[in-house]
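> The structure follows.
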Amino acid sequence: MYSKKRKNLMFIVLMIAVLIISASTQAESVDPRTVPPHTVTIFLNPNGGSVNPTSVTRTSGTRVGTLPIPTRANREFIDWFRGTAIGSERITSDTITPTVSFIATARWADAQRHLSPWARPARTGTTIIYIPSFSDVNTTWRSPMIAGMTTWNVSSTRVTFRRNDSNSGNSTIAVLSSSGTYLGQITRWRVSGTNILSRYNMRINTRTITNHANNNNFSLSNVIQSVFAHELGHVLGLRDGSGIHLGGFCCGSLMNHARNRNNIRAPQPFDVTSVNFIYN
Ligand SMILES: [Zn+2]
């Protein structure tokens, strides 16, 4: 068995060999749009993670379009860079494919970068977080919201949400149809001079969530669950994800706005690690 480091090194050496062979036949400084279109290969270096497939082909002079999304334990994928290390040449879906094959290297965010200065004081052992019960909300919305809450409760964090109006302070959770563009929104207050979240007003927008589900052919209850679980991530002290929309749905975090809300509707390993920085 080779170590991961050794494997990464072997990958880079192999790719450099491939590039030297292909670069010897073509100059790289030409505008790719002025040479006859031909197929080039983009080798994907997951940089400590994994990706499938490990390479893709494109036609030179055309847009790169959507690239595969790599995964890595406890990290959030941000974007692809051209070269074997993170540099200045970020690859987006609008990048024009050059005339020679190249390596793209994944950039990752670590979990600590994911925290906002809004958290409840952690206690020894499990921290119970009481939230408003939203018992007046009809079942179509309430059931997936409870499911979203449960995904946090069964995750490997030391926080547990409980619905309880009398213990949830002055915080509110409203399910309403708003003309605002948001799907879910939270306004937070903290105890003056501290990072302790004192209360919040959460709004779940029935209008935009219904449209989002219809427009993408998603299950309405999946989208409701994803949005509510995301907002609860904010209640815990997470901030919105830093991943970039690469032309498709993106990234292994509940806190990413480009996530696929039909699939990512529970905290991902990255989110759990982030929360465990606060409540550990
Ligand atoms: Zn958010």
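In the structure tokens, the first chain shown is A, the next is B, and so on; residue numbers restart at 1 for each chain, and ligands run from 1 in the order shown.
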If you take only C-alpha atoms and all ligand atoms and a cut-off of 12 Å, which residues of chain A touch ligand 1, and what are their nearest atom pairs and distances in Å to one decimal, in chain and number order, as JSON lines?

{"residue": "A:His114", "atom": "CA", "partner": "ligand 1", "partner_atom_place_in_ligand_line": "1 (Zn)", "distance": 11.5}
{"residue": "A:Leu115", "atom": "CA", "partner": "ligand 1", "partner_atom_place_in_ligand_line": "1 (Zn)", "distance": 12.0}
{"residue": "A:Ser116", "atom": "CA", "partner": "ligand 1", "partner_atom_place_in_ligand_line": "1 (Zn)", "distance": 11.0}
{"residue": "A:Tyr182", "atom": "CA", "partner": "ligand 1", "partner_atom_place_in_ligand_line": "1 (Zn)", "distance": 9.3}
{"residue": "A:Leu183", "atom": "CA", "partner": "ligand 1", "partner_atom_place_in_ligand_line": "1 (Zn)", "distance": 9.2}
{"residue": "A:Gly184", "atom": "CA", "partner": "ligand 1", "partner_atom_place_in_ligand_line": "1 (Zn)", "distance": 7.3}
{"residue": "A:Gln185", "atom": "CA", "partner": "ligand 1", "partner_atom_place_in_ligand_line": "1 (Zn)", "distance": 6.8}
{"residue": "A:Ile186", "atom": "CA", "partner": "ligand 1", "partner_atom_place_in_ligand_line": "1 (Zn)", "distance": 7.8}
{"residue": "A:Thr187", "atom": "CA", "partner": "ligand 1", "partner_atom_place_in_ligand_line": "1 (Zn)", "distance": 10.6}
{"residue": "A:Arg188", "atom": "CA", "partner": "ligand 1", "partner_atom_place_in_ligand_line": "1 (Zn)", "distance": 12.0}
{"residue": "A:Met202", "atom": "CA", "partner": "ligand 1", "partner_atom_place_in_ligand_line": "1 (Zn)", "distance": 10.9}
{"residue": "A:Arg203", "atom": "CA", "partner": "ligand 1", "partner_atom_place_in_ligand_line": "1 (Zn)", "distance": 11.4}
{"residue": "A:Ile204", "atom": "CA", "partner": "ligand 1", "partner_atom_place_in_ligand_line": "1 (Zn)", "distance": 11.6}
{"residue": "A:Ser226", "atom": "CA", "partner": "ligand 1", "partner_atom_place_in_ligand_line": "1 (Zn)", "distance": 11.0}
{"residue": "A:Val227", "atom": "CA", "partner": "ligand 1", "partner_atom_place_in_ligand_line": "1 (Zn)", "distance": 8.5}
{"residue": "A:Phe228", "atom": "CA", "partner": "ligand 1", "partner_atom_place_in_ligand_line": "1 (Zn)", "distance": 9.9}
{"residue": "A:Ala229", "atom": "CA", "partner": "ligand 1", "partner_atom_place_in_ligand_line": "1 (Zn)", "distance": 10.1}
{"residue": "A:His230", "atom": "CA", "partner": "ligand 1", "partner_atom_place_in_ligand_line": "1 (Zn)", "distance": 6.4}
{"residue": "A:Glu231", "atom": "CA", "partner": "ligand 1", "partner_atom_place_in_ligand_line": "1 (Zn)", "distance": 6.1}
{"residue": "A:Leu232", "atom": "CA", "partner": "ligand 1", "partner_atom_place_in_ligand_line": "1 (Zn)", "distance": 9.3}
{"residue": "A:Gly233", "atom": "CA", "partner": "ligand 1", "partner_atom_place_in_ligand_line": "1 (Zn)", "distance": 8.1}
{"residue": "A:His234", "atom": "CA", "partner": "ligand 1", "partner_atom_place_in_ligand_line": "1 (Zn)", "distance": 6.7}
{"residue": "A:Val235", "atom": "CA", "partner": "ligand 1", "partner_atom_place_in_ligand_line": "1 (Zn)", "distance": 10.1}
{"residue": "A:Leu236", "atom": "CA", "partner": "ligand 1", "partner_atom_place_in_ligand_line": "1 (Zn)", "distance": 11.8}
{"residue": "A:Gly237", "atom": "CA", "partner": "ligand 1", "partner_atom_place_in_ligand_line": "1 (Zn)", "distance": 10.8}
{"residue": "A:Leu238", "atom": "CA", "partner": "ligand 1", "partner_atom_place_in_ligand_line": "1 (Zn)", "distance": 8.5}
{"residue": "A:Arg239", "atom": "CA", "partner": "ligand 1", "partner_atom_place_in_ligand_line": "1 (Zn)", "distance": 6.5}
{"residue": "A:Asp240", "atom": "CA", "partner": "ligand 1", "partner_atom_place_in_ligand_line": "1 (Zn)", "distance": 4.8}
{"residue": "A:Gly241", "atom": "CA", "partner": "ligand 1", "partner_atom_place_in_ligand_line": "1 (Zn)", "distance": 7.9}
{"residue": "A:Ser242", "atom": "CA", "partner": "ligand 1", "partner_atom_place_in_ligand_line": "1 (Zn)", "distance": 10.9}
{"residue": "A:Ser253", "atom": "CA", "partner": "ligand 1", "partner_atom_place_in_ligand_line": "1 (Zn)", "distance": 11.3}
{"residue": "A:Leu254", "atom": "CA", "partner": "ligand 1", "partner_atom_place_in_ligand_line": "1 (Zn)", "distance": 9.2}
{"residue": "A:Met255", "atom": "CA", "partner": "ligand 1", "partner_atom_place_in_ligand_line": "1 (Zn)", "distance": 6.2}
{"residue": "A:Asn256", "atom": "CA", "partner": "ligand 1", "partner_atom_place_in_ligand_line": "1 (Zn)", "distance": 7.5}
{"residue": "A:His257", "atom": "CA", "partner": "ligand 1", "partner_atom_place_in_ligand_line": "1 (Zn)", "distance": 7.0}
{"residue": "A:Ala258", "atom": "CA", "partner": "ligand 1", "partner_atom_place_in_ligand_line": "1 (Zn)", "distance": 10.7}
{"residue": "A:Arg259", "atom": "CA", "partner": "ligand 1", "partner_atom_place_in_ligand_line": "1 (Zn)", "distance": 11.3}
> For A:Thr105, list every protein, DNA or RNA residue within 12 Å, evaluated using only C-alpha atoms, and leave out those in the same chain fewer than 3 positions away; present the list as a ChimeraX atom specification.
/A:8,11-12,15,42-51,54-55,67-70,77-91,102,108
> Grab the residues selected above and save them as a PDB file, in the first residue's frame with C-alpha atoms.

ATOM      1  CA  ASN A   8      -0.419  12.280  -4.696  1.00  0.00           C
ATOM      2  CA  PHE A  11      -0.125  11.451  -9.644  1.00  0.00           C
ATOM      3  CA  ILE A  12       1.651  14.783 -10.098  1.00  0.00           C
ATOM      4  CA  MET A  15       0.661  14.252 -15.068  1.00  0.00           C
ATOM      5  CA  ILE A  42      -8.046  18.291 -18.133  1.00  0.00           C
ATOM      6  CA  PHE A  43      -6.423  16.110 -15.452  1.00  0.00           C
ATOM      7  CA  LEU A  44      -8.180  16.649 -12.140  1.00  0.00           C
ATOM      8  CA  ASN A  45      -5.888  16.665  -9.092  1.00  0.00           C
ATOM      9  CA  PRO A  46      -8.200  16.358  -6.063  1.00  0.00           C
ATOM     10  CA  ASN A  47      -5.442  17.636  -3.766  1.00  0.00           C
ATOM     11  CA  GLY A  48      -5.972  15.260  -0.869  1.00  0.00           C
ATOM     12  CA  GLY A  49      -9.568  14.414  -1.768  1.00  0.00           C
ATOM     13  CA  SER A  50     -11.035  12.190  -4.432  1.00  0.00           C
ATOM     14  CA  VAL A  51     -12.809  12.859  -7.696  1.00  0.00           C
ATOM     15  CA  THR A  54     -10.120  11.820 -12.729  1.00  0.00           C
ATOM     16  CA  SER A  55      -9.918  13.553 -16.091  1.00  0.00           C
ATOM     17  CA  LEU A  67     -16.318  20.200 -13.989  1.00  0.00           C
ATOM     18  CA  PRO A  68     -16.767  17.259 -11.595  1.00  0.00           C
ATOM     19  CA  ILE A  69     -17.057  18.185  -7.910  1.00  0.00           C
ATOM     20  CA  PRO A  70     -14.423  16.437  -5.768  1.00  0.00           C
ATOM     21  CA  PHE A  77     -14.722  22.252  -2.118  1.00  0.00           C
ATOM     22  CA  ILE A  78     -14.229  25.851  -3.257  1.00  0.00           C
ATOM     23  CA  ASP A  79     -12.977  25.765  -6.840  1.00  0.00           C
ATOM     24  CA  TRP A  80     -10.473  24.431  -9.382  1.00  0.00           C
ATOM     25  CA  PHE A  81      -7.155  26.112 -10.177  1.00  0.00           C
ATOM     26  CA  ARG A  82      -4.968  25.597 -13.218  1.00  0.00           C
ATOM     27  CA  GLY A  83      -1.615  23.992 -12.349  1.00  0.00           C
ATOM     28  CA  THR A  84      -0.336  21.624  -9.680  1.00  0.00           C
ATOM     29  CA  ALA A  85      -0.714  24.144  -6.864  1.00  0.00           C
ATOM     30  CA  ILE A  86      -3.218  26.823  -5.945  1.00  0.00           C
ATOM     31  CA  GLY A  87      -2.364  29.906  -7.967  1.00  0.00           C
ATOM     32  CA  SER A  88      -4.106  32.788  -9.624  1.00  0.00           C
ATOM     33  CA  GLU A  89      -5.660  30.944 -12.549  1.00  0.00           C
ATOM     34  CA  ARG A  90      -9.029  29.932 -11.237  1.00  0.00           C
ATOM     35  CA  ILE A  91     -11.058  27.806 -13.609  1.00  0.00           C
ATOM     36  CA  PHE A 102      -3.422  20.717 -18.272  1.00  0.00           C
ATOM     37  CA  TRP A 108     -10.519  23.329  -0.177  1.00  0.00           C
TER      38      TRP A 108
END
> If you run DSSP on the backbone, which residues of stretch 9-214 of chain A are helix (DSSP H, G or I), as a PyMOL selection string?
chain A and resi 9-23+32-34+111-114+139-153+165-167+206-214
> Go ahead and write the selection's residues with C-alpha atoms as a PDB file, in the first residue's frame.

ATOM      1  CA  LEU A   9       3.238  12.650  -5.643  1.00  0.00           C
ATOM      2  CA  MET A  10       2.974   9.820  -8.148  1.00  0.00           C
ATOM      3  CA  PHE A  11      -0.125  11.451  -9.644  1.00  0.00           C
ATOM      4  CA  ILE A  12       1.651  14.783 -10.098  1.00  0.00           C
ATOM      5  CA  VAL A  13       4.790  13.189 -11.585  1.00  0.00           C
ATOM      6  CA  LEU A  14       2.676  11.199 -14.029  1.00  0.00           C
ATOM      7  CA  MET A  15       0.661  14.252 -15.068  1.00  0.00           C
ATOM      8  CA  ILE A  16       3.772  16.376 -15.540  1.00  0.00           C
ATOM      9  CA  ALA A  17       5.183  13.677 -17.825  1.00  0.00           C
ATOM     10  CA  VAL A  18       1.959  13.709 -19.849  1.00  0.00           C
ATOM     11  CA  LEU A  19       2.094  17.495 -20.061  1.00  0.00           C
ATOM     12  CA  ILE A  20       5.731  17.618 -21.182  1.00  0.00           C
ATOM     13  CA  ILE A  21       4.924  15.228 -24.010  1.00  0.00           C
ATOM     14  CA  SER A  22       1.859  17.217 -25.124  1.00  0.00           C
ATOM     15  CA  ALA A  23       3.500  20.627 -24.613  1.00  0.00           C
ATOM     16  CA  PRO A  32      -6.928  28.926 -28.232  1.00  0.00           C
ATOM     17  CA  ARG A  33      -9.626  30.436 -30.408  1.00  0.00           C
ATOM     18  CA  THR A  34      -7.220  31.014 -33.305  1.00  0.00           C
ATOM     19  CA  ALA A 111     -14.125  23.707   8.698  1.00  0.00           C
ATOM     20  CA  GLN A 112     -13.017  26.563  10.918  1.00  0.00           C
ATOM     21  CA  ARG A 113     -13.477  29.002   8.086  1.00  0.00           C
ATOM     22  CA  HIS A 114     -17.124  28.071   8.214  1.00  0.00           C
ATOM     23  CA  THR A 139     -48.313  19.673   8.223  1.00  0.00           C
ATOM     24  CA  THR A 140     -47.045  20.051   4.638  1.00  0.00           C
ATOM     25  CA  TRP A 141     -44.450  22.477   5.963  1.00  0.00           C
ATOM     26  CA  ARG A 142     -44.120  21.414   9.579  1.00  0.00           C
ATOM     27  CA  SER A 143     -43.247  17.749   8.880  1.00  0.00           C
ATOM     28  CA  PRO A 144     -40.232  18.419   6.626  1.00  0.00           C
ATOM     29  CA  MET A 145     -39.106  21.175   9.021  1.00  0.00           C
ATOM     30  CA  ILE A 146     -39.130  18.669  11.886  1.00  0.00           C
ATOM     31  CA  ALA A 147     -37.258  16.231   9.608  1.00  0.00           C
ATOM     32  CA  GLY A 148     -34.642  18.949   9.011  1.00  0.00           C
ATOM     33  CA  MET A 149     -34.276  19.463  12.747  1.00  0.00           C
ATOM     34  CA  THR A 150     -33.956  15.703  13.283  1.00  0.00           C
ATOM     35  CA  THR A 151     -31.050  15.473  10.809  1.00  0.00           C
ATOM     36  CA  TRP A 152     -29.056  17.674  13.203  1.00  0.00           C
ATOM     37  CA  ASN A 153     -30.174  15.669  16.241  1.00  0.00           C
ATOM     38  CA  ASP A 165     -42.121  27.689  22.974  1.00  0.00           C
ATOM     39  CA  SER A 166     -41.645  28.536  26.621  1.00  0.00           C
ATOM     40  CA  ASN A 167     -37.879  27.860  26.615  1.00  0.00           C
ATOM     41  CA  THR A 206     -43.309  29.528   1.035  1.00  0.00           C
ATOM     42  CA  ARG A 207     -43.442  31.422  -2.266  1.00  0.00           C
ATOM     43  CA  THR A 208     -39.777  31.085  -3.300  1.00  0.00           C
ATOM     44  CA  ILE A 209     -39.397  27.573  -1.875  1.00  0.00           C
ATOM     45  CA  THR A 210     -42.411  26.349  -3.863  1.00  0.00           C
ATOM     46  CA  ASN A 211     -41.004  28.002  -7.016  1.00  0.00           C
ATOM     47  CA  HIS A 212     -37.536  26.544  -6.398  1.00  0.00           C
ATOM     48  CA  ALA A 213     -39.007  23.032  -6.077  1.00  0.00           C
ATOM     49  CA  ASN A 214     -41.174  23.410  -9.190  1.00  0.00           C
TER      50      ASN A 214
END
> In Å, rounded to a single decimal, give me how far atom CA of A:Asn164 is from atom CA of A:Tyr130.
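Separating atom CA of A:Tyr130 from atom CA of A:Asn164 is a distance of 5.8 Å.
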